[in-house]
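Trainee: One structure coming up, written as structure tokens, with questions to follow.
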Amino acid sequence: MLLDTRAPGRSPKIESRVTSLLVLYGMTGFSGLIAEQALEKYVTLLVGATASASAVIIFTYFLGFAVGGLAAGRLLKRGLVRNPLRAYAGIELGTGCACVAFSFAFPTAMALLAPLQNLITGEFGKYLVRFVSGCILVLPIAGLMGASFPLLAQALDDADVNAPKRWSLAYSANLAGAVMASLAAPFLLLPAIGLRGAMWLCLAICTVVAVFVQVRGGAACPVRLRSSAGASGAKWQPEGSYLLVASFLSGCVFFALEIIWIHLVGAVVGGSIYAFSWMLTSVLIGLWAGSWIANRSKGIRPAKVFLLCAFALLIQLSAWPLAPALFAIAPAWVSAGFYTRELFRLLVACVLIVPSACSLGLIYPTLLKSPQINGEENAWFAGYLSAANSIGCLAGALLSTFVLINRLGSELSLKVITLILGGLWLFFDLREPKHGFRPRLVTAVLAGMLVWGAAAVTWNWFYLTSGASMYFGENTAAWAAPSTNNPAPPFSDTLVFRDESIQGGFTTVKVRRTDSGASFEKSSINLFTNGKLQGNDDQTGMVQAQQVGTAVLPSLFTRHFNKALLIGLGTGHGATVLKQLGFERLDIAELSPGIVRAVNAEFRHTNHGVLDDPTVHCALEDGRNLLLTSRDAPYDLITIGLTTIWFSGATNLYSQEFYQLARRHLAEDGVLQQWVQLHRIGPEEIASAIASVRSVFPYVSYWGYDGAGMVLAANHPLDPQATQRELLASMLSRHGGLAFEEAQGLMDRILQGRLLSEQAVDRMIRELRPVINTDQNRHIEYATPKYSSSERDWAKYNVEFLKQWERQGKIK
């Protein structure tokens, strides 16, 4: 049974009342998680997709929970809520209505709040404005959600005044609903109904809950009317302070860990929206399992709980760098299908996270079952506990986001938290009476094992950042690192740079050496983020050529060279080419500080120190947010070089609303270029991306160069001019070190790569009617990860598919 509400000696009628309330609160958990995911995606459109900006949503969400729980608790304590069940129904209906209203009001609110980000200069000032903006948007909904728990707790107490508190059962029911929502949201709900549809679904669920309570609540769960004086006479018990502190610490430790887990999942499990959904599912499954165990147990000693938490986290600490091996050795049939791949990711996430989450999940429900809160009319205290736990979650999120990961790194942070949990175990264990030598010896041995284990674990960054999860071990170079005991592979990688930050994840630079027969010779320096290749210095390689192409191709159609924007720095070579082509000012938006540091440290020989140029301005910012808050003169060129379209959050730069924003910031004769890959993507998704651009720009074409796919868009016809070709060739010859004839040849090769003319694009869209990707449906985010395996040569297949539309025009 998912929830066991049976109690010996209770009448079936009472148990039916309790079960009804728990089912209702499970539905609240389902709708609450759907709303939280939708709110997160909405608000990142305003504050940006950076990790620190995205954390705004987490902070405001838990702040709202705390405010709502505390407010409801105080109202109950003062006896101002005469019928908590009907108040719960009203809260649910208000939450659903607020969600739908938010989805319609958000575009207007974003337009009003976006300019405020420029009011205060500096990173902290901008973050403060974003936090205030997040509070304005999210706090009302989160506050309503937070108020539901103490009201439901009071209704449960009223259903059977002589029974022990069932608050922990309500918590488990809410978690069970959230688990179901986390499984259904990425596969079924959000791809099918989009963000606004998800908000309407929340309203529908909340309405069902409210109607059930209003129609049957009075008969099913009669309430006791309280006098204001009687309720307000509730006295504060000293034990309550200890429970509130424990609730705060529980939330703080757990959510500090959850932020670290989110950070690690991007490197170990994958970077798609599904991978992050599975992390959330694993956390919720662990929490629910912990609450289920706590509800089934008569009493759990705190010392044992903290000991279990410490050792579970120590085992997890050892497993993180080894987990990618599971993807490298996965059977072929697993990697062959989308659903089997994603279920395998979920399995790996559960193996990594569920044991620790389960052990930590024992703490909060144990507090809700504390004997100190039984036998009193004190459901108001449930609101205080919920508020303390939410404030703890907020503190833990702040600690991880701004201190632990950036200053200590995730490895050392996990070790510190493990030892803190071990210290809590010792504190409670030493308070318990012990007789004889053996119990003290066991305690000493366990403490020694915990300290030794934390000190002995050292992460292998080759394994951790191998990227095996992305393509299920297709590139296993990291696992073939050279050693004296193993024969040399056909190539070997040496890690020469590593950086870890909450914003950029794990940034590494590896020198690849190939086997020349007698020895290994250096062939390229490669830049990776979370194991995903971002660029290299191989002048003859495809990746380097793609960076050149994304700079040269749009410049062939650009009529002025005053100002350009590059979204995505890569190795910096593309930025160098743009400067060599003659752009007077270049703005760069790059999310990862690690990439900026790597570019300066390891790739200056290819980018010629372009970031030192006073006319080049690099902002550690989300490209969309930079445009959203920009007040500068329009750009003559906006070029977007994201390396993977299916990364979580990338859809923000592929939506109709983004192209409308970009068009407003382009000069009238400016050009937009965007990298839309040909490999590991289906033709329908390429058509969707192109159609989304075409829904905004009147002239759109699609090009291929050295395996890269590129969309060009403008307000004017995209006809290359011979004079422009000669001008750019001379600029590259003068500043780029190329012979004039070599530069001309480069131009010719690029111009030969057109796959779809403007007329062919229109024919394709007219006949296929592809889905237009919007901020609401986020089609690309959910559709493109389905092609991440290599069961087909998608690049070749897509080129042939696209060429048919060009051939139709020639036949006619």
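By order of appearance in the structure tokens: chains A, B, ..., then residues from 1 within every chain, and ligands from 1 in the order shown.
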Each residue of segment 99-151 of chain A lying at most 12 Å from segment 164-177 of chain A should get a row with its shortest atom-to-atom pair and the distance in Å to one decimal, counting only C-alpha atoms; could you produce that, ordered by chain and increasing number, as CSV?
Mentor:
```
residue,atom,partner,partner_atom,distance
A:Met145,CA,A:Asn174,CA,11.6
A:Ser148,CA,A:Asn174,CA,10.8
A:Phe149,CA,A:Ala170,CA,8.2
A:Pro150,CA,A:Trp167,CA,8.9
A:Leu151,CA,A:Trp167,CA,10.8
```
Trainee: Now that the selection is made, can you save its residues with N, CA, C and O atoms as an mmCIF file, in the first residue's frame?
Mentor:
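Final output, saved to selection_10.cif:
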```
data_model
loop_
_atom_site.group_PDB
_atom_site.id
_atom_site.type_symbol
_atom_site.label_atom_id
_atom_site.label_comp_id
_atom_site.auth_asym_id
_atom_site.auth_seq_id
_atom_site.Cartn_x
_atom_site.Cartn_y
_atom_site.Cartn_z
ATOM 1 N N MET A 145 0.488 27.880 -1.279
ATOM 2 C CA MET A 145 0.825 26.461 -1.149
ATOM 3 C C MET A 145 1.313 26.140 0.263
ATOM 4 O O MET A 145 0.961 25.097 0.824
ATOM 5 N N SER A 148 -1.300 25.435 3.115
ATOM 6 C CA SER A 148 -2.208 24.288 3.074
ATOM 7 C C SER A 148 -1.878 23.241 4.143
ATOM 8 O O SER A 148 -2.783 22.600 4.688
ATOM 9 N N PHE A 149 -0.583 23.056 4.477
ATOM 10 C CA PHE A 149 -0.225 21.958 5.386
ATOM 11 C C PHE A 149 -0.796 22.123 6.797
ATOM 12 O O PHE A 149 -1.408 21.193 7.329
ATOM 13 N N PRO A 150 -0.627 23.269 7.479
ATOM 14 C CA PRO A 150 -1.212 23.376 8.822
ATOM 15 C C PRO A 150 -2.737 23.269 8.818
ATOM 16 O O PRO A 150 -3.320 22.736 9.769
ATOM 17 N N LEU A 151 -3.386 23.763 7.763
ATOM 18 C CA LEU A 151 -4.848 23.637 7.701
ATOM 19 C C LEU A 151 -5.261 22.181 7.549
ATOM 20 O O LEU A 151 -6.209 21.711 8.187
#
```
Trainee: May I have the residues within 6 Å of Met199 of chain A as a list in words, using only C-alpha atoms and disregarding those fewer than 3 positions away in the same chain?
Mentor: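 In the requested form, the answer reads Cys99, Val100, Arg196 and Cys202 of chain A.
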Trainee: For the residues selected in the previous step, produce a file with N, CA, C and O atoms as an mmCIF file, in the first residue's frame.
Mentor:
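The result, written out as selection-v4.cif:
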```cif
data_model
loop_
_atom_site.group_PDB
_atom_site.id
_atom_site.type_symbol
_atom_site.label_atom_id
_atom_site.label_comp_id
_atom_site.auth_asym_id
_atom_site.auth_seq_id
_atom_site.Cartn_x
_atom_site.Cartn_y
_atom_site.Cartn_z
ATOM 1 N N CYS A 99 -2.309 30.332 -10.397
ATOM 2 C CA CYS A 99 -1.424 29.728 -11.396
ATOM 3 C C CYS A 99 -1.855 30.122 -12.812
ATOM 4 O O CYS A 99 -1.015 30.508 -13.646
ATOM 5 N N VAL A 100 -3.149 30.020 -13.093
ATOM 6 C CA VAL A 100 -3.630 30.374 -14.431
ATOM 7 C C VAL A 100 -3.455 31.867 -14.682
ATOM 8 O O VAL A 100 -3.015 32.285 -15.773
ATOM 9 N N ARG A 196 1.306 26.705 -20.073
ATOM 10 C CA ARG A 196 -0.014 27.244 -19.734
ATOM 11 C C ARG A 196 -1.007 26.109 -19.513
ATOM 12 O O ARG A 196 -1.859 26.184 -18.605
ATOM 13 N N CYS A 202 -3.343 22.398 -13.109
ATOM 14 C CA CYS A 202 -3.284 22.679 -11.670
ATOM 15 C C CYS A 202 -4.612 23.244 -11.175
ATOM 16 O O CYS A 202 -5.105 22.852 -10.104
#
```
Trainee: Which polymer residues have any atom within 9 Å of an atom of segment 557-565 of chain A, counting only C-alpha atoms, with same-chain residues fewer than 4 positions away left out, as number ranges by chain?
Mentor: A: 553, 578, 581-589, 633-640, 669-671, 718-721, 724
Trainee: Select, from A:Phe658, A:Trp320, A:Phe381, A:Phe59, the residue with the minimum atom-to-atom distance to Leu352 of chain A, counting only C-alpha atoms.
Mentor: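 Looking at the shortest contact to Leu352 of chain A, the residue is A:Trp320.
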Trainee: Could you tell me, as a short mmCIF file (atom, residue, chain, number, x, y, z; two decimals) with all heavy atoms, in the first residue's frame, which residues of segment 703-763 of chain A DSSP assigns to strand (DSSP E or B) when given the backbone?
Mentor:
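Writing the result to out.cif gives the following:
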```cif
data_model
loop_
_atom_site.label_atom_id
_atom_site.label_comp_id
_atom_site.auth_asym_id
_atom_site.auth_seq_id
_atom_site.Cartn_x
_atom_site.Cartn_y
_atom_site.Cartn_z
N TRP A 703 21.93 26.53 -43.95
CA TRP A 703 23.21 26.23 -44.55
C TRP A 703 23.91 25.10 -43.80
O TRP A 703 23.65 24.88 -42.61
CB TRP A 703 24.11 27.48 -44.52
CG TRP A 703 23.53 28.65 -45.24
CD1 TRP A 703 22.45 29.39 -44.86
CD2 TRP A 703 23.99 29.21 -46.47
NE1 TRP A 703 22.19 30.37 -45.77
CE2 TRP A 703 23.14 30.30 -46.78
CE3 TRP A 703 25.04 28.92 -47.33
CZ2 TRP A 703 23.30 31.07 -47.91
CZ3 TRP A 703 25.21 29.70 -48.46
CH2 TRP A 703 24.35 30.75 -48.75
N GLY A 704 24.79 24.42 -44.51
CA GLY A 704 25.63 23.41 -43.90
C GLY A 704 27.08 23.66 -44.24
O GLY A 704 27.42 24.00 -45.39
N TYR A 705 27.95 23.52 -43.23
CA TYR A 705 29.38 23.71 -43.48
C TYR A 705 30.15 22.81 -42.54
O TYR A 705 30.06 22.93 -41.32
CB TYR A 705 29.78 25.17 -43.26
CG TYR A 705 31.26 25.42 -43.44
CD1 TYR A 705 31.85 25.29 -44.70
CD2 TYR A 705 32.06 25.78 -42.37
CE1 TYR A 705 33.21 25.50 -44.87
CE2 TYR A 705 33.41 26.02 -42.53
CZ TYR A 705 33.99 25.87 -43.78
OH TYR A 705 35.34 26.08 -43.94
N ALA A 708 28.17 21.18 -39.85
CA ALA A 708 27.37 22.06 -38.99
C ALA A 708 26.19 22.60 -39.77
O ALA A 708 26.30 22.90 -40.96
CB ALA A 708 28.22 23.22 -38.47
N GLY A 709 25.06 22.74 -39.10
CA GLY A 709 23.89 23.35 -39.70
C GLY A 709 23.69 24.75 -39.13
O GLY A 709 23.84 24.96 -37.92
N MET A 710 23.39 25.71 -40.00
CA MET A 710 23.27 27.10 -39.56
C MET A 710 22.07 27.76 -40.22
O MET A 710 21.87 27.64 -41.43
CB MET A 710 24.53 27.89 -39.91
CG MET A 710 25.77 27.42 -39.15
SD MET A 710 27.30 28.21 -39.74
CE MET A 710 27.64 27.20 -41.19
N VAL A 711 21.26 28.44 -39.41
CA VAL A 711 20.13 29.21 -39.90
C VAL A 711 20.56 30.66 -40.05
O VAL A 711 21.21 31.22 -39.16
CB VAL A 711 18.93 29.12 -38.94
CG1 VAL A 711 17.83 30.09 -39.34
CG2 VAL A 711 18.37 27.71 -38.92
N LEU A 712 20.20 31.27 -41.17
CA LEU A 712 20.38 32.70 -41.35
C LEU A 712 19.01 33.35 -41.44
O LEU A 712 18.11 32.81 -42.09
CB LEU A 712 21.16 33.01 -42.63
CG LEU A 712 22.65 32.70 -42.66
CD1 LEU A 712 23.26 33.25 -43.95
CD2 LEU A 712 23.37 33.28 -41.46
N ALA A 713 18.85 34.51 -40.80
CA ALA A 713 17.56 35.21 -40.82
C ALA A 713 17.82 36.71 -40.89
O ALA A 713 18.78 37.22 -40.29
CB ALA A 713 16.75 34.87 -39.58
N ALA A 714 16.96 37.41 -41.62
CA ALA A 714 17.13 38.85 -41.77
C ALA A 714 15.82 39.48 -42.21
O ALA A 714 14.85 38.78 -42.55
CB ALA A 714 18.23 39.15 -42.78
N ARG A 754 24.80 26.02 -49.05
CA ARG A 754 23.38 26.30 -48.80
C ARG A 754 22.55 25.06 -49.06
O ARG A 754 22.59 24.46 -50.13
CB ARG A 754 22.90 27.44 -49.69
CG ARG A 754 21.50 27.94 -49.31
CD ARG A 754 21.07 29.13 -50.11
NE ARG A 754 20.83 28.78 -51.52
CZ ARG A 754 20.44 29.65 -52.45
NH1 ARG A 754 20.26 30.92 -52.10
NH2 ARG A 754 20.24 29.25 -53.68
N LEU A 755 21.76 24.67 -48.05
CA LEU A 755 20.88 23.51 -48.17
C LEU A 755 19.45 23.92 -48.49
O LEU A 755 18.75 23.21 -49.20
CB LEU A 755 20.91 22.71 -46.86
CG LEU A 755 22.25 22.09 -46.47
CD1 LEU A 755 22.16 21.42 -45.11
CD2 LEU A 755 22.71 21.09 -47.52
N LEU A 756 19.01 25.05 -47.95
CA LEU A 756 17.66 25.54 -48.20
C LEU A 756 17.71 27.03 -48.49
O LEU A 756 18.16 27.82 -47.65
CB LEU A 756 16.76 25.30 -46.98
CG LEU A 756 16.39 23.86 -46.61
CD1 LEU A 756 15.59 23.84 -45.32
CD2 LEU A 756 15.62 23.17 -47.72
#
```
Trainee: Give me the residues within 12 Å of Ile690 of chain A as a PyMOL selection string, counting only C-alpha atoms and dropping any in the same chain fewer than 3 places off.
Mentor: chain A and resi 654-656+659+673-677+683-687+693-703+709-713+756-758+760-765+768-773+780+802
Trainee: Please provide the set of residues having any atom within 8 Å of Ala310 of chain A, restricted to only C-alpha atoms, with same-chain residues fewer than 4 positions apart removed, written as a ChimeraX atom specification.
Mentor: /A:306,314,418-419,421-422,450
